[in-house]
file run_10.cif (mmCIF, C-alpha atoms and all ligand atoms)
data_entry
#
loop_
_atom_site.group_PDB
_atom_site.id
_atom_site.type_symbol
_atom_site.label_atom_id
_atom_site.label_comp_id
_atom_site.auth_asym_id
_atom_site.auth_seq_id
_atom_site.Cartn_x
_atom_site.Cartn_y
_atom_site.Cartn_z
ATOM 1 C CA MET G 3 98.622 131.754 124.301
ATOM 2 C CA THR G 4 102.049 132.879 123.085
ATOM 3 C CA GLN G 5 102.424 132.773 119.326
ATOM 4 C CA TRP G 6 104.532 129.617 119.106
ATOM 5 C CA LYS G 7 105.317 129.435 115.388
ATOM 6 C CA GLN G 8 108.368 131.675 115.438
ATOM 7 C CA GLY G 9 111.112 132.228 117.991
ATOM 8 C CA LEU G 10 113.253 130.226 120.378
ATOM 9 C CA TYR G 11 112.493 126.630 121.287
ATOM 10 C CA ALA G 12 114.276 125.580 124.501
ATOM 11 C CA LEU G 13 114.925 121.881 125.221
ATOM 12 C CA THR G 14 115.718 120.736 128.753
ATOM 13 C CA ASP G 15 118.649 118.475 129.568
ATOM 14 C CA ALA G 16 119.072 116.290 132.640
ATOM 15 C CA GLN G 17 122.867 116.635 132.679
ATOM 16 C CA LEU G 18 122.738 120.421 132.656
ATOM 17 C CA MET G 19 119.824 120.583 135.129
ATOM 18 C CA PRO G 20 120.166 117.488 137.310
ATOM 19 C CA ASP G 21 117.746 118.413 140.098
ATOM 20 C CA ASP G 22 114.202 119.780 140.178
ATOM 21 C CA ALA G 23 115.179 123.174 141.603
ATOM 22 C CA THR G 24 117.757 123.895 138.869
ATOM 23 C CA LEU G 25 115.363 122.682 136.182
ATOM 24 C CA ILE G 26 112.550 124.914 137.379
ATOM 25 C CA ASP G 27 114.784 127.963 137.980
ATOM 26 C CA ARG G 28 116.429 127.831 134.560
ATOM 27 C CA CYS G 29 113.180 127.101 132.721
ATOM 28 C CA GLU G 30 111.450 129.964 134.509
ATOM 29 C CA ALA G 31 114.301 132.309 133.531
ATOM 30 C CA ALA G 32 113.981 131.256 129.880
ATOM 31 C CA LEU G 33 110.172 131.481 129.906
ATOM 32 C CA SER G 34 110.091 134.901 131.494
ATOM 33 C CA ALA G 35 112.652 136.232 128.998
ATOM 34 C CA GLY G 36 110.515 135.028 126.083
ATOM 35 C CA ILE G 37 110.692 131.636 124.410
ATOM 36 C CA ALA G 38 108.095 130.318 121.965
ATOM 37 C CA LEU G 39 108.138 126.658 123.074
ATOM 38 C CA LEU G 40 109.635 124.561 125.890
ATOM 39 C CA GLN G 41 110.427 120.879 125.400
ATOM 40 C CA TYR G 42 110.873 118.520 128.346
ATOM 41 C CA ARG G 43 113.605 116.122 127.162
ATOM 42 C CA ASP G 44 114.704 113.591 129.760
ATOM 43 C CA LYS G 45 116.363 110.318 128.844
ATOM 44 C CA SER G 46 116.769 109.054 132.425
ATOM 45 C CA GLY G 47 114.090 106.368 132.157
ATOM 46 C CA ASP G 48 112.989 107.292 135.683
ATOM 47 C CA GLU G 49 109.208 107.364 135.231
ATOM 48 C CA GLY G 50 108.467 108.975 138.601
ATOM 49 C CA ARG G 51 110.911 111.796 138.005
ATOM 50 C CA ARG G 52 109.640 112.340 134.453
ATOM 51 C CA GLU G 53 106.009 112.549 135.589
ATOM 52 C CA ARG G 54 106.863 114.901 138.489
ATOM 53 C CA GLN G 55 109.106 117.225 136.486
ATOM 54 C CA ALA G 56 106.793 117.320 133.475
ATOM 55 C CA ARG G 57 103.840 118.275 135.722
ATOM 56 C CA ALA G 58 105.889 121.042 137.356
ATOM 57 C CA LEU G 59 106.898 122.388 133.950
ATOM 58 C CA LYS G 60 103.277 122.256 132.754
ATOM 59 C CA ALA G 61 102.232 124.534 135.643
ATOM 60 C CA LEU G 62 105.111 126.909 134.845
ATOM 61 C CA CYS G 63 104.325 126.967 131.119
ATOM 62 C CA ASP G 64 100.635 127.625 131.842
ATOM 63 C CA HIS G 65 101.670 130.623 133.933
ATOM 64 C CA TYR G 66 103.745 132.044 131.067
ATOM 65 C CA GLU G 67 101.171 130.960 128.445
ATOM 66 C CA THR G 68 103.866 129.066 126.574
ATOM 67 C CA PRO G 69 103.222 125.595 125.125
ATOM 68 C CA LEU G 70 105.005 122.624 126.687
ATOM 69 C CA ILE G 71 106.141 119.748 124.479
ATOM 70 C CA ILE G 72 107.121 116.322 125.822
ATOM 71 C CA ASN G 73 109.931 114.533 124.015
ATOM 72 C CA ASP G 74 109.366 110.912 122.915
ATOM 73 C CA ASP G 75 106.365 110.118 125.132
ATOM 74 C CA ALA G 76 102.883 110.615 123.633
ATOM 75 C CA ALA G 77 101.235 108.912 126.637
ATOM 76 C CA LEU G 78 102.755 111.412 129.088
ATOM 77 C CA ALA G 79 101.786 114.262 126.753
ATOM 78 C CA TRP G 80 98.210 112.947 126.693
ATOM 79 C CA ARG G 81 98.045 112.734 130.512
ATOM 80 C CA LEU G 82 99.167 116.365 130.777
ATOM 81 C CA GLY G 83 97.192 117.688 127.826
ATOM 82 C CA VAL G 84 100.307 119.051 126.086
ATOM 83 C CA GLY G 85 102.201 118.522 122.820
ATOM 84 C CA VAL G 86 104.754 115.880 121.880
ATOM 85 C CA HIS G 87 107.921 115.654 119.782
ATOM 86 C CA LEU G 88 108.513 112.355 117.997
ATOM 87 C CA GLY G 89 111.675 111.150 116.295
ATOM 88 C CA ARG G 90 111.963 108.480 113.633
ATOM 89 C CA SER G 91 111.690 105.622 116.129
ATOM 90 C CA ASP G 92 109.344 107.195 118.703
ATOM 91 C CA GLY G 93 106.007 106.049 117.253
ATOM 92 C CA SER G 94 103.689 107.222 114.546
ATOM 93 C CA ILE G 95 102.729 110.864 114.057
ATOM 94 C CA ALA G 96 99.330 109.782 112.740
ATOM 95 C CA ARG G 97 98.624 107.770 115.902
ATOM 96 C CA ALA G 98 99.723 110.652 118.135
ATOM 97 C CA ARG G 99 97.476 113.051 116.193
ATOM 98 C CA LYS G 100 94.524 110.715 116.666
ATOM 99 C CA ALA G 101 95.208 110.366 120.401
ATOM 100 C CA LEU G 102 96.037 114.012 121.196
ATOM 101 C CA GLY G 103 93.444 115.659 118.962
ATOM 102 C CA PRO G 104 93.496 118.315 116.237
ATOM 103 C CA ASP G 105 94.822 121.182 118.367
ATOM 104 C CA ALA G 106 97.836 119.471 119.938
ATOM 105 C CA ILE G 107 101.306 120.573 118.843
ATOM 106 C CA ILE G 108 103.035 117.511 117.402
ATOM 107 C CA GLY G 109 106.608 117.876 116.193
ATOM 108 C CA ALA G 110 108.541 115.545 113.920
ATOM 109 C CA THR G 111 112.271 114.946 113.486
ATOM 110 C CA CYS G 112 113.106 115.104 109.786
ATOM 111 C CA GLN G 113 116.943 115.162 110.051
ATOM 112 C CA ASP G 114 118.081 116.118 106.521
ATOM 113 C CA SER G 115 115.265 114.450 104.623
ATOM 114 C CA LEU G 116 112.434 116.015 102.641
ATOM 115 C CA GLU G 117 110.940 112.526 102.326
ATOM 116 C CA PHE G 118 110.648 112.291 106.128
ATOM 117 C CA ALA G 119 109.163 115.793 106.118
ATOM 118 C CA GLU G 120 106.636 114.853 103.441
ATOM 119 C CA GLN G 121 105.488 111.835 105.439
ATOM 120 C CA ALA G 122 105.289 113.767 108.724
ATOM 121 C CA ALA G 123 103.288 116.567 107.076
ATOM 122 C CA ARG G 124 100.902 114.022 105.567
ATOM 123 C CA GLU G 125 100.396 112.359 108.958
ATOM 124 C CA GLY G 126 99.496 115.640 110.657
ATOM 125 C CA ALA G 127 102.699 117.087 112.141
ATOM 126 C CA SER G 128 102.448 120.677 113.427
ATOM 127 C CA TYR G 129 106.101 121.514 112.742
ATOM 128 C CA LEU G 130 109.068 119.894 110.996
ATOM 129 C CA ALA G 131 112.486 119.761 112.694
ATOM 130 C CA PHE G 132 115.684 119.647 110.623
ATOM 131 C CA GLY G 133 119.279 119.224 111.785
ATOM 132 C CA ARG G 134 121.792 118.858 113.138
ATOM 133 C CA PHE G 135 123.267 121.933 111.491
ATOM 134 C CA TYR G 136 126.405 122.459 113.638
ATOM 135 C CA PRO G 137 128.516 120.334 116.009
ATOM 136 C CA SER G 138 126.331 119.516 119.006
ATOM 137 C CA LEU G 139 127.500 118.886 122.560
ATOM 138 C CA THR G 140 124.126 117.357 123.451
ATOM 139 C CA LYS G 141 123.879 114.950 120.533
ATOM 140 C CA PRO G 142 127.237 114.783 118.723
ATOM 141 C CA ASP G 143 126.222 111.727 116.667
ATOM 142 C CA ALA G 144 123.012 113.194 115.226
ATOM 143 C CA PRO G 145 123.244 113.053 111.413
ATOM 144 C CA PRO G 146 124.455 116.316 109.870
ATOM 145 C CA ALA G 147 122.207 118.465 107.657
ATOM 146 C CA GLU G 148 122.766 121.332 105.209
ATOM 147 C CA LEU G 149 121.134 124.694 105.873
ATOM 148 C CA SER G 150 119.749 124.665 102.322
ATOM 149 C CA ILE G 151 117.129 122.085 103.348
ATOM 150 C CA LEU G 152 115.281 124.805 105.281
ATOM 151 C CA ALA G 153 114.446 126.780 102.119
ATOM 152 C CA ARG G 154 113.481 123.612 100.270
ATOM 153 C CA ALA G 155 111.107 122.648 103.105
ATOM 154 C CA ALA G 156 109.082 125.868 102.695
ATOM 155 C CA ARG G 157 106.730 123.999 100.390
ATOM 156 C CA PHE G 158 105.181 122.080 103.292
ATOM 157 C CA ASP G 159 103.780 125.314 104.705
ATOM 158 C CA LEU G 160 104.553 124.244 108.284
ATOM 159 C CA PRO G 161 106.885 125.947 110.777
ATOM 160 C CA ARG G 162 110.476 124.797 110.199
ATOM 161 C CA VAL G 163 112.562 124.122 113.299
ATOM 162 C CA ALA G 164 116.368 124.148 113.122
ATOM 163 C CA ILE G 165 118.335 122.187 115.744
ATOM 164 C CA GLY G 166 121.860 121.109 116.595
ATOM 165 C CA GLY G 167 124.713 123.243 117.908
ATOM 166 C CA ILE G 168 122.941 126.574 117.488
ATOM 167 C CA ASP G 169 124.337 129.487 119.507
ATOM 168 C CA ALA G 170 124.758 133.262 119.387
ATOM 169 C CA ASP G 171 127.409 132.959 116.655
ATOM 170 C CA ASN G 172 125.327 131.045 114.129
ATOM 171 C CA ILE G 173 121.687 131.857 114.947
ATOM 172 C CA GLU G 174 121.418 134.728 112.455
ATOM 173 C CA ALA G 175 122.655 132.592 109.571
ATOM 174 C CA THR G 176 120.197 129.871 110.571
ATOM 175 C CA VAL G 177 117.208 132.206 110.749
ATOM 176 C CA GLY G 178 118.373 133.753 107.459
ATOM 177 C CA ALA G 179 118.333 130.298 105.863
ATOM 178 C CA GLY G 180 114.634 129.927 106.652
ATOM 179 C CA ALA G 181 114.230 128.575 110.180
ATOM 180 C CA ASP G 182 111.063 129.768 111.908
ATOM 181 C CA LEU G 183 111.959 128.247 115.265
ATOM 182 C CA ILE G 184 115.464 127.783 116.664
ATOM 183 C CA ALA G 185 115.801 124.813 119.020
ATOM 184 C CA LEU G 186 118.632 124.814 121.550
ATOM 185 C CA VAL G 187 119.819 122.863 124.566
ATOM 186 C CA HIS G 188 123.358 124.064 125.376
ATOM 187 C CA GLY G 189 122.836 127.435 123.687
ATOM 188 C CA ILE G 190 120.364 128.280 126.466
ATOM 189 C CA PHE G 191 120.667 125.905 129.407
ATOM 190 C CA SER G 192 124.452 125.640 129.758
ATOM 191 C CA HIS G 193 124.337 129.288 130.849
ATOM 192 C CA GLU G 194 123.828 130.220 134.465
ATOM 193 C CA ASP G 195 121.583 133.079 133.380
ATOM 194 C CA PRO G 196 119.374 131.626 130.617
ATOM 195 C CA GLY G 197 117.222 134.771 130.673
ATOM 196 C CA ALA G 198 120.085 136.987 129.502
ATOM 197 C CA VAL G 199 120.982 134.520 126.738
ATOM 198 C CA VAL G 200 117.365 134.262 125.579
ATOM 199 C CA ARG G 201 117.071 138.048 125.322
ATOM 200 C CA ARG G 202 120.238 138.192 123.244
ATOM 201 C CA LEU G 203 119.305 135.252 120.970
ATOM 202 C CA ASN G 204 115.843 136.724 120.379
ATOM 203 C CA ARG G 205 117.434 139.673 118.565
ATOM 204 C CA ALA G 206 118.030 137.340 115.619
ATOM 205 C CA PHE G 207 114.276 137.445 114.911
ATOM 206 C CA ASP G 208 114.138 141.267 114.821
ATOM 207 C CA ARG G 209 115.974 141.581 111.542
HETATM 208 C C1 LIG A 301 112.756 120.172 118.143
HETATM 209 C C2 LIG A 301 113.416 118.842 118.152
HETATM 210 N N1 LIG A 301 114.014 118.415 117.032
HETATM 211 C C3 LIG A 301 114.617 117.224 116.999
HETATM 212 C C4 LIG A 301 114.628 116.433 118.131
HETATM 213 C C5 LIG A 301 115.278 115.085 118.106
HETATM 214 O O1 LIG A 301 114.325 114.043 118.290
HETATM 215 P P1 LIG A 301 114.823 112.521 118.167
HETATM 216 O O2 LIG A 301 115.390 112.330 116.807
HETATM 217 O O3 LIG A 301 113.727 111.629 118.551
HETATM 218 O O4 LIG A 301 115.994 112.433 119.222
HETATM 219 P P2 LIG A 301 115.881 112.590 120.819
HETATM 220 O O5 LIG A 301 115.679 114.022 121.130
HETATM 221 O O6 LIG A 301 114.714 111.770 121.285
HETATM 222 O O7 LIG A 301 117.183 112.093 121.315
HETATM 223 C C6 LIG A 301 113.991 116.904 119.275
HETATM 224 N N2 LIG A 301 113.953 116.201 120.411
HETATM 225 N N3 LIG A 301 113.383 118.119 119.256
HETATM 226 C C1 LIG A 302 118.045 116.653 120.555
HETATM 227 C C2 LIG A 302 118.725 116.928 119.280
HETATM 228 N N1 LIG A 302 118.260 116.470 118.079
HETATM 229 C C3 LIG A 302 119.040 116.802 117.073
HETATM 230 C C4 LIG A 302 118.786 116.432 115.669
HETATM 231 O O1 LIG A 302 119.605 116.754 114.803
HETATM 232 O O2 LIG A 302 117.731 115.852 115.434
HETATM 233 S S1 LIG A 302 120.395 117.702 117.544
HETATM 234 C C5 LIG A 302 119.898 117.648 119.160
HETATM 235 C C6 LIG A 302 120.668 118.286 120.273
HETATM 236 C C7 LIG A 302 120.442 119.774 120.365
HETATM 237 O O3 LIG A 302 121.195 120.243 121.428
HETATM 238 P P1 LIG A 302 122.281 121.403 121.282
HETATM 239 O O4 LIG A 302 121.517 122.667 121.051
HETATM 240 O O5 LIG A 302 122.977 121.413 122.627
HETATM 241 O O6 LIG A 302 123.187 121.044 120.174
HETATM 242 MG MG MG A 303 113.124 110.944 120.320
#
call {"tool": "encode", "arguments": {"input": "run_10.cif", "output": "structure tokens"}}
result
Amino acid sequence: MTQWKQGLYALTDAQLMPDDATLIDRCEAALSAGIALLQYRDKSGDEGRRERQARALKALCDHYETPLIINDDAALAWRLGVGVHLGRSDGSIARARKALGPDAIIGATCQDSLEFAEQAAREGASYLAFGRFYPSLTKPDAPPAELSILARAARFDLPRVAIGGIDADNIEATVGAGADLIALVHGIFSHEDPGAVVRRLNRAFDR
């Protein structure tokens, strides 16, 4: 399996990729160019579509040996045998860990709070996500965070994910501040050629 603890973390978006073909094409381009993790994030509430698309992405991720993470939905993650990302109101990390087992990747939203991070680490999170660090087109109302929280979160000894408005102009500063994984929606999937963007963004980890 790809080493998932450092690199780019691509999150899908139903507005940017409204149909199955676009979703699969753009995800395959990102996967083949080299991302560490792919998150299926779909807020449509259409259960049939979510199940179908998540299963298609699981097959694609297996091919590229890249872990798939399901946003919000531990039950769907369990059915597919993949990881899950949980926000503050998406259910307990401890319960997800119990259900998905010791090897599952379970991510936690920590916003700008070391207290949230402490709790998530205690409950068995695999990584801690902080943000939003820059203005975000996907989630403009996400609470803002200071880059300095990334260095302060080193003490948890878990991969630190940075999210929110990250692009080619600010990725180096964000990695320099301590992010192990850089999570992006628009920074990857608003581009017609996500593969080219992924190759360029990945240079930030070479330094
Ligand atoms: C990697 C990563 N970090 C943060 C989030 C945000 O999760 P959440 O706060 O639950 O918000 P929604 O994404 O559900 O709108 C995430 N999904 N992934
Ligand atoms: C899903 C999400 N969560 C955030 C948080 O701060 O917790 S910011 C965000 C949106 C990320 O998309 P983009 O790269 O287009 O800004
Ligand atoms: Mg959520």
call {"tool": "residues_around", "arguments": {"input": "run_10.cif", "residues": "Ile168 in chain G", "least_positions_apart": "5", "cutoff": "7 Å", "atoms": "all atoms listed in the file", "output": "compact mmCIF listing (two decimals) with C-alpha atoms, keeping the file's coordinate frame"}}
result
# COMPACT_ATOMS: atom_id res chain seq x y z
CA TYR G 136 126.40 122.46 113.64
CA ILE G 173 121.69 131.86 114.95
CA LEU G 186 118.63 124.81 121.55
CA GLY G 189 122.84 127.44 123.69
call {"tool": "residues_around", "arguments": {"input": "run_10.cif", "residues": "Asp21 in chain G", "least_positions_apart": "4", "cutoff": "10 Å", "atoms": "all atoms listed in the file", "output": "MDAnalysis selection string"}}
result
chainID G and resid 16:17 25:26 51 55
call {"tool": "closest_residue", "arguments": {"input": "run_10.cif", "among": "G:Asp105, G:Asp208, G:Asp27, G:Asp114", "to": "Ala164 in chain G", "atoms": "only C-alpha atoms"}}
result
G:Asp114
call {"tool": "closest_residue", "arguments": {"input": "run_10.cif", "among": "G:Ile151, G:Ala131, G:Ala175, G:Ala170", "to": "ligand MG 303 (chain A)", "atoms": "all atoms listed in the file"}}
result
G:Ala131
call {"tool": "closest_residue", "arguments": {"input": "run_10.cif", "among": "G:Ala35, G:Gly180, G:Cys29, G:His65", "to": "Val199 in chain G", "atoms": "all atoms listed in the file"}}
result
G:Ala35
call {"tool": "residues_around", "arguments": {"input": "run_10.cif", "residues": "Ala156 in chain G", "least_positions_apart": "4", "cutoff": "12 Å", "atoms": "all atoms listed in the file", "output": "mmCIF file with C-alpha atoms, keeping the file's coordinate frame"}}
result
data_model
loop_
_atom_site.group_PDB
_atom_site.id
_atom_site.type_symbol
_atom_site.label_atom_id
_atom_site.label_comp_id
_atom_site.auth_asym_id
_atom_site.auth_seq_id
_atom_site.Cartn_x
_atom_site.Cartn_y
_atom_site.Cartn_z
ATOM 1 C CA LEU G 116 112.434 116.015 102.641
ATOM 2 C CA ALA G 119 109.163 115.793 106.118
ATOM 3 C CA GLU G 120 106.636 114.853 103.441
ATOM 4 C CA ALA G 123 103.288 116.567 107.076
ATOM 5 C CA TYR G 129 106.101 121.514 112.742
ATOM 6 C CA LEU G 130 109.068 119.894 110.996
ATOM 7 C CA SER G 150 119.749 124.665 102.322
ATOM 8 C CA ILE G 151 117.129 122.085 103.348
ATOM 9 C CA LEU G 152 115.281 124.805 105.281
ATOM 10 C CA LEU G 160 104.553 124.244 108.284
ATOM 11 C CA PRO G 161 106.885 125.947 110.777
ATOM 12 C CA ARG G 162 110.476 124.797 110.199
ATOM 13 C CA VAL G 163 112.562 124.122 113.299
ATOM 14 C CA ALA G 179 118.333 130.298 105.863
ATOM 15 C CA GLY G 180 114.634 129.927 106.652
ATOM 16 C CA ALA G 181 114.230 128.575 110.180
ATOM 17 C CA ASP G 182 111.063 129.768 111.908
#
call {"tool": "resolve_selection", "arguments": {"input": "run_10.cif", "expression": "the PyMOL selection byres (((chain G and resi 85) around 7) and not hetatm)", "output": "tab-separated table (two decimals) with C-alpha atoms, keeping the file's coordinate frame"}}
result
chain	number	residue	atom	x	y	z
G	70	LEU	CA	105.00	122.62	126.69
G	71	ILE	CA	106.14	119.75	124.48
G	72	ILE	CA	107.12	116.32	125.82
G	79	ALA	CA	101.79	114.26	126.75
G	84	VAL	CA	100.31	119.05	126.09
G	86	VAL	CA	104.75	115.88	121.88
G	106	ALA	CA	97.84	119.47	119.94
G	107	ILE	CA	101.31	120.57	118.84
G	108	ILE	CA	103.04	117.51	117.40
call {"tool": "residues_near_point", "arguments": {"input": "run_10.cif", "point": "(114.9, 124.5, 131.3)", "cutoff": "9 Å", "atoms": "all atoms listed in the file", "output": "short mmCIF file (atom, residue, chain, number, x, y, z; two decimals) with C-alpha atoms, in the frame of the given file"}}
result
data_model
loop_
_atom_site.label_atom_id
_atom_site.label_comp_id
_atom_site.auth_asym_id
_atom_site.auth_seq_id
_atom_site.Cartn_x
_atom_site.Cartn_y
_atom_site.Cartn_z
CA ALA G 12 114.28 125.58 124.50
CA LEU G 13 114.92 121.88 125.22
CA THR G 14 115.72 120.74 128.75
CA ASP G 15 118.65 118.48 129.57
CA LEU G 18 122.74 120.42 132.66
CA MET G 19 119.82 120.58 135.13
CA THR G 24 117.76 123.90 138.87
CA LEU G 25 115.36 122.68 136.18
CA ILE G 26 112.55 124.91 137.38
CA ASP G 27 114.78 127.96 137.98
CA ARG G 28 116.43 127.83 134.56
CA CYS G 29 113.18 127.10 132.72
CA GLU G 30 111.45 129.96 134.51
CA ALA G 31 114.30 132.31 133.53
CA ALA G 32 113.98 131.26 129.88
CA LEU G 33 110.17 131.48 129.91
CA LEU G 40 109.64 124.56 125.89
CA GLN G 41 110.43 120.88 125.40
CA TYR G 42 110.87 118.52 128.35
CA LEU G 59 106.90 122.39 133.95
CA VAL G 187 119.82 122.86 124.57
CA ILE G 190 120.36 128.28 126.47
CA PHE G 191 120.67 125.90 129.41
CA PRO G 196 119.37 131.63 130.62
#
call {"tool": "closest_residue", "arguments": {"input": "run_10.cif", "among": "G:Asp169, G:Leu82, G:Gly36, G:Thr176", "to": "Glu53 in chain G", "atoms": "only C-alpha atoms"}}
result
G:Leu82
call {"tool": "residues_near_ligand", "arguments": {"input": "run_10.cif", "ligand": "ligand LIG 302 (chain A)", "cutoff": "7 Å", "atoms": "all atoms listed in the file", "output": "number ranges by chain"}}
result
G: 111, 113, 132-134, 137-141, 144-146, 165-168, 185-189
call {"tool": "write_last_selection", "arguments": {"input": "run_10.cif", "atoms": "C-alpha atoms", "output": "PDB file, keeping the file's coordinate frame"}}
result
ATOM      1  CA  THR G 111     112.271 114.946 113.486  1.00  0.00           C
ATOM      2  CA  GLN G 113     116.943 115.162 110.051  1.00  0.00           C
ATOM      3  CA  PHE G 132     115.684 119.647 110.623  1.00  0.00           C
ATOM      4  CA  GLY G 133     119.279 119.224 111.785  1.00  0.00           C
ATOM      5  CA  ARG G 134     121.792 118.858 113.138  1.00  0.00           C
ATOM      6  CA  PRO G 137     128.516 120.334 116.009  1.00  0.00           C
ATOM      7  CA  SER G 138     126.331 119.516 119.006  1.00  0.00           C
ATOM      8  CA  LEU G 139     127.500 118.886 122.560  1.00  0.00           C
ATOM      9  CA  THR G 140     124.126 117.357 123.451  1.00  0.00           C
ATOM     10  CA  LYS G 141     123.879 114.950 120.533  1.00  0.00           C
ATOM     11  CA  ALA G 144     123.012 113.194 115.226  1.00  0.00           C
ATOM     12  CA  PRO G 145     123.244 113.053 111.413  1.00  0.00           C
ATOM     13  CA  PRO G 146     124.455 116.316 109.870  1.00  0.00           C
ATOM     14  CA  ILE G 165     118.335 122.187 115.744  1.00  0.00           C
ATOM     15  CA  GLY G 166     121.860 121.109 116.595  1.00  0.00           C
ATOM     16  CA  GLY G 167     124.713 123.243 117.908  1.00  0.00           C
ATOM     17  CA  ILE G 168     122.941 126.574 117.488  1.00  0.00           C
ATOM     18  CA  ALA G 185     115.801 124.813 119.020  1.00  0.00           C
ATOM     19  CA  LEU G 186     118.632 124.814 121.550  1.00  0.00           C
ATOM     20  CA  VAL G 187     119.819 122.863 124.566  1.00  0.00           C
ATOM     21  CA  HIS G 188     123.358 124.064 125.376  1.00  0.00           C
ATOM     22  CA  GLY G 189     122.836 127.435 123.687  1.00  0.00           C
TER      23      GLY G 189
END
call {"tool": "residues_near_ligand", "arguments": {"input": "run_10.cif", "ligand": "ligand MG 303 (chain A)", "cutoff": "9 Å", "atoms": "only C-alpha atoms and all ligand atoms", "output": "list of chain:residue names"}}
result
G:Arg43, G:Asn73, G:Asp74, G:Asp75, G:His87, G:Leu88, G:Gly89, G:Arg90, G:Ser91, G:Asp92, G:Thr111
call {"tool": "atom_distance", "arguments": {"input": "run_10.cif", "atom1": "CA of Asp44 in chain G", "atom2": "CA of Gly126 in chain G"}}
result
24.5 Å
